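Asks: The structure follows.
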Amino acid sequence: LVAGRTYWVSVLHALRPGDDFVGGILALYVDDKLAWRESPSSTKFTSRLESFVPMSDRAVLKILNDSPEGDKTVFADFVGVTDGNPKLLNGGFEDQPVTDESGFLETTDILAWRSVPRLNGLWNAGGKAIITNGNEAWGGLSSGSGTYYLALQTNNVAIEQRVTGLSSKGVYTISFMSVAGGKLSFYVDNVLKWTGNPSYFEFQTFTYSVTPSGSSMLLRFENSAITDKSAVFLDNV
């Protein structure tokens, strides 16, 4: 590390499933100074990103279960430290390797992303797949980025992730790749930034500039097609 430079520490965290474990609290300390203390919002892993400025060429990170007495298990994973700009986690959908010979993985959970209802209240917790680029079963589509891309297979499927460590005076660029047989909607802090039907034949890149209202912003992608057989595909967020 370089003393005086800003770094970001990222952690994936989750609650243990079960009513007995609600209220578990996880805390992060950097050089014995509290960086954050909170109860994970879900039993699904979500990301937490926080900045710190080291006083020397090293820093000590401590992750602590700071829950009340009793069994309040909390989970932590994928701890990392980066310099430069805050980074969205698993934006390329590369962190869940596909091992099945089919070349794709149907799943309800996407690492670092939350599955959520659409803003109109409609809800489909499933309907997602991680697909190997060039997979013939999915039309041979390839984003040309990494190994995998994500399918939001049916309407009313939505994912979101909060990016923290931002400056309300900064201008940030958000980009993503998409191809669709249906309709994709993209939101920042629950404000619609784009909705439409990307090309059905090849991935396109979409880019937007955003000034956050505070130190974080919430990114959300929804399959907003009218029918339930219109998939949209996403990569390289």
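Residues in the structure tokens are numbered from 1 in each chain, the chains being A, B, ... in the order shown, and ligands are numbered from 1 in the order shown.
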Residues of region 8-27 of chain A that approach region 46-55 of chain A to 8 Å or less, counting only C-alpha atoms: could you list each one with the shortest pair of atoms and its distance in Å to one decimal, rows by chain and increasing residue number, as a Markdown table?
Replies:
| residue | atom | partner | partner_atom | distance |
| --- | --- | --- | --- | --- |
| A:Trp8 | CA | A:Ser51 | CA | 4.2 |
| A:Val9 | CA | A:Glu50 | CA | 5.5 |
| A:Ser10 | CA | A:Leu49 | CA | 4.5 |
| A:Val11 | CA | A:Arg48 | CA | 5.3 |
| A:Leu12 | CA | A:Ser47 | CA | 4.5 |
| A:His13 | CA | A:Thr46 | CA | 5.7 |
| A:Ala14 | CA | A:Thr46 | CA | 6.6 |
Asks: Contacts of region 176-191 of chain A at 7 Å or less, counting only C-alpha atoms, minus same-chain residues fewer than 6 places along, as a list in words?
Replies: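 With the cut-off at 7 Å, the set is Asn197, Pro198, Ser199, Tyr200, Glu202, Phe203, Gln204, Thr205, Phe206, Thr207, Met217, Leu218, Leu219, Arg220, Phe221, Glu222, Asn223, Ser224, Ala225, Ser230, Ala231, Val232, Phe233, Leu234, Asp235, Asn236 and Val237 of chain A.
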Asks: Can you write just those residues out, N, CA and C atoms, as a PDB file, in the first residue's frame?
Replies:
ATOM      1  N   ASN A 197     -35.540  -2.551 -26.528  1.00  0.00           N
ATOM      2  CA  ASN A 197     -35.265  -3.883 -27.056  1.00  0.00           C
ATOM      3  C   ASN A 197     -33.909  -3.873 -27.751  1.00  0.00           C
ATOM      4  N   PRO A 198     -32.855  -4.338 -27.061  1.00  0.00           N
ATOM      5  CA  PRO A 198     -31.552  -4.418 -27.726  1.00  0.00           C
ATOM      6  C   PRO A 198     -31.619  -5.372 -28.920  1.00  0.00           C
ATOM      7  N   SER A 199     -30.623  -5.285 -29.778  1.00  0.00           N
ATOM      8  CA  SER A 199     -30.547  -6.169 -30.928  1.00  0.00           C
ATOM      9  C   SER A 199     -30.703  -7.627 -30.509  1.00  0.00           C
ATOM     10  N   TYR A 200     -31.421  -8.400 -31.324  1.00  0.00           N
ATOM     11  CA  TYR A 200     -31.606  -9.818 -31.025  1.00  0.00           C
ATOM     12  C   TYR A 200     -30.432 -10.663 -31.514  1.00  0.00           C
ATOM     13  N   GLU A 202     -26.820  -9.698 -31.796  1.00  0.00           N
ATOM     14  CA  GLU A 202     -25.491  -9.565 -31.222  1.00  0.00           C
ATOM     15  C   GLU A 202     -25.510  -8.577 -30.067  1.00  0.00           C
ATOM     16  N   PHE A 203     -24.553  -8.765 -29.146  1.00  0.00           N
ATOM     17  CA  PHE A 203     -24.467  -7.885 -27.985  1.00  0.00           C
ATOM     18  C   PHE A 203     -24.117  -6.461 -28.414  1.00  0.00           C
ATOM     19  N   GLN A 204     -24.799  -5.501 -27.792  1.00  0.00           N
ATOM     20  CA  GLN A 204     -24.497  -4.090 -27.961  1.00  0.00           C
ATOM     21  C   GLN A 204     -24.008  -3.536 -26.621  1.00  0.00           C
ATOM     22  N   THR A 205     -23.193  -2.478 -26.675  1.00  0.00           N
ATOM     23  CA  THR A 205     -22.721  -1.815 -25.462  1.00  0.00           C
ATOM     24  C   THR A 205     -23.498  -0.518 -25.259  1.00  0.00           C
ATOM     25  N   PHE A 206     -23.986  -0.330 -24.032  1.00  0.00           N
ATOM     26  CA  PHE A 206     -24.721   0.875 -23.657  1.00  0.00           C
ATOM     27  C   PHE A 206     -23.920   1.588 -22.565  1.00  0.00           C
ATOM     28  N   THR A 207     -23.804   2.906 -22.660  1.00  0.00           N
ATOM     29  CA  THR A 207     -22.991   3.678 -21.730  1.00  0.00           C
ATOM     30  C   THR A 207     -23.758   4.912 -21.266  1.00  0.00           C
ATOM     31  N   MET A 217     -24.823   4.333  -5.104  1.00  0.00           N
ATOM     32  CA  MET A 217     -25.945   4.289  -6.039  1.00  0.00           C
ATOM     33  C   MET A 217     -26.337   2.842  -6.273  1.00  0.00           C
ATOM     34  N   LEU A 218     -27.625   2.657  -6.537  1.00  0.00           N
ATOM     35  CA  LEU A 218     -28.206   1.332  -6.709  1.00  0.00           C
ATOM     36  C   LEU A 218     -28.459   1.095  -8.194  1.00  0.00           C
ATOM     37  N   LEU A 219     -27.832   0.042  -8.733  1.00  0.00           N
ATOM     38  CA  LEU A 219     -28.024  -0.328 -10.132  1.00  0.00           C
ATOM     39  C   LEU A 219     -29.003  -1.486 -10.210  1.00  0.00           C
ATOM     40  N   ARG A 220     -29.953  -1.394 -11.120  1.00  0.00           N
ATOM     41  CA  ARG A 220     -30.989  -2.424 -11.257  1.00  0.00           C
ATOM     42  C   ARG A 220     -31.223  -2.720 -12.739  1.00  0.00           C
ATOM     43  N   PHE A 221     -31.318  -4.017 -13.049  1.00  0.00           N
ATOM     44  CA  PHE A 221     -31.646  -4.469 -14.395  1.00  0.00           C
ATOM     45  C   PHE A 221     -32.887  -5.348 -14.310  1.00  0.00           C
ATOM     46  N   GLU A 222     -33.867  -5.082 -15.182  1.00  0.00           N
ATOM     47  CA  GLU A 222     -35.130  -5.825 -15.168  1.00  0.00           C
ATOM     48  C   GLU A 222     -35.439  -6.366 -16.563  1.00  0.00           C
ATOM     49  N   ASN A 223     -35.951  -7.587 -16.605  1.00  0.00           N
ATOM     50  CA  ASN A 223     -36.593  -8.087 -17.813  1.00  0.00           C
ATOM     51  C   ASN A 223     -38.039  -7.597 -17.750  1.00  0.00           C
ATOM     52  N   SER A 224     -38.337  -6.584 -18.544  1.00  0.00           N
ATOM     53  CA  SER A 224     -39.661  -5.952 -18.485  1.00  0.00           C
ATOM     54  C   SER A 224     -40.519  -6.306 -19.687  1.00  0.00           C
ATOM     55  N   ALA A 225     -40.243  -7.473 -20.294  1.00  0.00           N
ATOM     56  CA  ALA A 225     -41.056  -7.934 -21.422  1.00  0.00           C
ATOM     57  C   ALA A 225     -42.490  -8.206 -20.974  1.00  0.00           C
ATOM     58  N   SER A 230     -39.593 -14.262 -23.244  1.00  0.00           N
ATOM     59  CA  SER A 230     -38.722 -13.302 -23.929  1.00  0.00           C
ATOM     60  C   SER A 230     -37.519 -13.012 -23.046  1.00  0.00           C
ATOM     61  N   ALA A 231     -36.400 -13.680 -23.299  1.00  0.00           N
ATOM     62  CA  ALA A 231     -35.215 -13.531 -22.469  1.00  0.00           C
ATOM     63  C   ALA A 231     -34.440 -12.276 -22.860  1.00  0.00           C
ATOM     64  N   VAL A 232     -33.720 -11.728 -21.883  1.00  0.00           N
ATOM     65  CA  VAL A 232     -32.732 -10.690 -22.162  1.00  0.00           C
ATOM     66  C   VAL A 232     -31.398 -11.164 -21.587  1.00  0.00           C
ATOM     67  N   PHE A 233     -30.310 -10.759 -22.223  1.00  0.00           N
ATOM     68  CA  PHE A 233     -28.981 -11.231 -21.846  1.00  0.00           C
ATOM     69  C   PHE A 233     -28.117 -10.024 -21.496  1.00  0.00           C
ATOM     70  N   LEU A 234     -27.234 -10.227 -20.498  1.00  0.00           N
ATOM     71  CA  LEU A 234     -26.490  -9.115 -19.918  1.00  0.00           C
ATOM     72  C   LEU A 234     -25.057  -9.544 -19.660  1.00  0.00           C
ATOM     73  N   ASP A 235     -24.106  -8.611 -19.845  1.00  0.00           N
ATOM     74  CA  ASP A 235     -22.710  -8.913 -19.556  1.00  0.00           C
ATOM     75  C   ASP A 235     -21.915  -7.622 -19.371  1.00  0.00           C
ATOM     76  N   ASN A 236     -20.738  -7.772 -18.761  1.00  0.00           N
ATOM     77  CA  ASN A 236     -19.729  -6.724 -18.694  1.00  0.00           C
ATOM     78  C   ASN A 236     -20.275  -5.414 -18.120  1.00  0.00           C
ATOM     79  N   VAL A 237     -20.977  -5.526 -16.978  1.00  0.00           N
ATOM     80  CA  VAL A 237     -21.519  -4.331 -16.312  1.00  0.00           C
ATOM     81  C   VAL A 237     -20.375  -3.599 -15.620  1.00  0.00           C
TER      82      VAL A 237
END
Asks: Considering only C-alpha atoms, state which residue in the set A:Leu1, A:Gly139, A:Gly170, A:Ala158 is at the smallest distance from Phe201 (chain A).
Replies: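 Going through A:Leu1, A:Gly139, A:Gly170, A:Ala158 one by one, the smallest distance to Phe201 (chain A) is for A:Gly139.
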Asks: Could you give me, as a PyMOL selection string, the residues within 6 Å of Arg16 (chain A), counting only C-alpha atoms and dropping anything in the same chain fewer than 6 positions from it?
Replies: chain A and resi 43+73-74
Asks: Next, dump the selected residues to file, keeping only N, CA and C atoms, as a PDB file, in the first residue's frame.
Replies:
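The resulting result_36.pdb:
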ATOM      1  N   THR A  43     -30.348 -13.347   3.048  1.00  0.00           N
ATOM      2  CA  THR A  43     -29.621 -14.616   3.154  1.00  0.00           C
ATOM      3  C   THR A  43     -28.855 -14.905   1.867  1.00  0.00           C
ATOM      4  N   THR A  73     -25.311 -16.286  13.400  1.00  0.00           N
ATOM      5  CA  THR A  73     -24.287 -16.524  12.386  1.00  0.00           C
ATOM      6  C   THR A  73     -24.447 -15.556  11.220  1.00  0.00           C
ATOM      7  N   VAL A  74     -23.329 -14.985  10.781  1.00  0.00           N
ATOM      8  CA  VAL A  74     -23.287 -14.200   9.548  1.00  0.00           C
ATOM      9  C   VAL A  74     -22.150 -14.748   8.691  1.00  0.00           C
TER      10      VAL A  74
END
Asks: Write down as JSON, numbers by chain the residues of chain A whose backbone DSSP state falls under strand (DSSP E or B).
Replies: {"A": [7, 8, 9, 10, 11, 12, 13, 14, 15, 26, 27, 28, 29, 30, 33, 34, 35, 36, 37, 38, 46, 47, 48, 49, 50, 51, 52, 61, 62, 63, 64, 65, 74, 75, 76, 77, 78, 79, 80, 81, 82, 83, 104, 105, 106, 107, 114, 115, 116, 128, 129, 130, 131, 132, 148, 149, 150, 151, 152, 158, 159, 160, 161, 162, 163, 164, 172, 173, 174, 175, 176, 177, 178, 179, 180, 184, 185, 186, 187, 188, 191, 192, 193, 194, 195, 196, 204, 205, 206, 207, 208, 209, 210, 216, 217, 218, 219, 220, 221, 222, 223, 232, 233, 234, 235]}
Asks: Show me, as a PDB file with N, CA, C and O atoms, in the first residue's frame, the residues that have an atom within 8 Å of Tyr208 (chain A) when counting only C-alpha atoms, minus same-chain residues fewer than 4 positions from it.
Replies:
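Contents of out_0.pdb, as written:
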ATOM      1  N   THR A 173     -19.194   6.698 -15.000  1.00  0.00           N
ATOM      2  CA  THR A 173     -19.652   6.082 -16.242  1.00  0.00           C
ATOM      3  C   THR A 173     -20.095   4.658 -15.964  1.00  0.00           C
ATOM      4  O   THR A 173     -19.356   3.872 -15.373  1.00  0.00           O
ATOM      5  N   ILE A 174     -21.309   4.347 -16.367  1.00  0.00           N
ATOM      6  CA  ILE A 174     -21.864   3.002 -16.220  1.00  0.00           C
ATOM      7  C   ILE A 174     -22.059   2.432 -17.619  1.00  0.00           C
ATOM      8  O   ILE A 174     -22.688   3.068 -18.472  1.00  0.00           O
ATOM      9  N   SER A 175     -21.526   1.253 -17.847  1.00  0.00           N
ATOM     10  CA  SER A 175     -21.708   0.616 -19.142  1.00  0.00           C
ATOM     11  C   SER A 175     -22.110  -0.835 -18.956  1.00  0.00           C
ATOM     12  O   SER A 175     -21.805  -1.449 -17.927  1.00  0.00           O
TER      13      SER A 175
END
Asks: Counting only C-alpha atoms, which of A:Arg162, A:Arg5, A:Lys128, A:Arg58 gets nearest to Ser41 (chain A)?
Replies: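 Ranked by minimum distance to Ser41 (chain A), first place goes to A:Arg162.
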Asks: Using only C-alpha atoms, which residue out of A:Ser102, A:Ser145, A:Gln96, A:Asn65 lies closest to Leu28 (chain A)?
Replies: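 With only C-alpha atoms as the atom set, the closest residue is A:Asn65.
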Asks: In Å, rounded to a single decimal, give me how far CA of Phe45 (chain A) is from CA of Ser213 (chain A).
Replies: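 Interatomic distance here is 25.2 Å.
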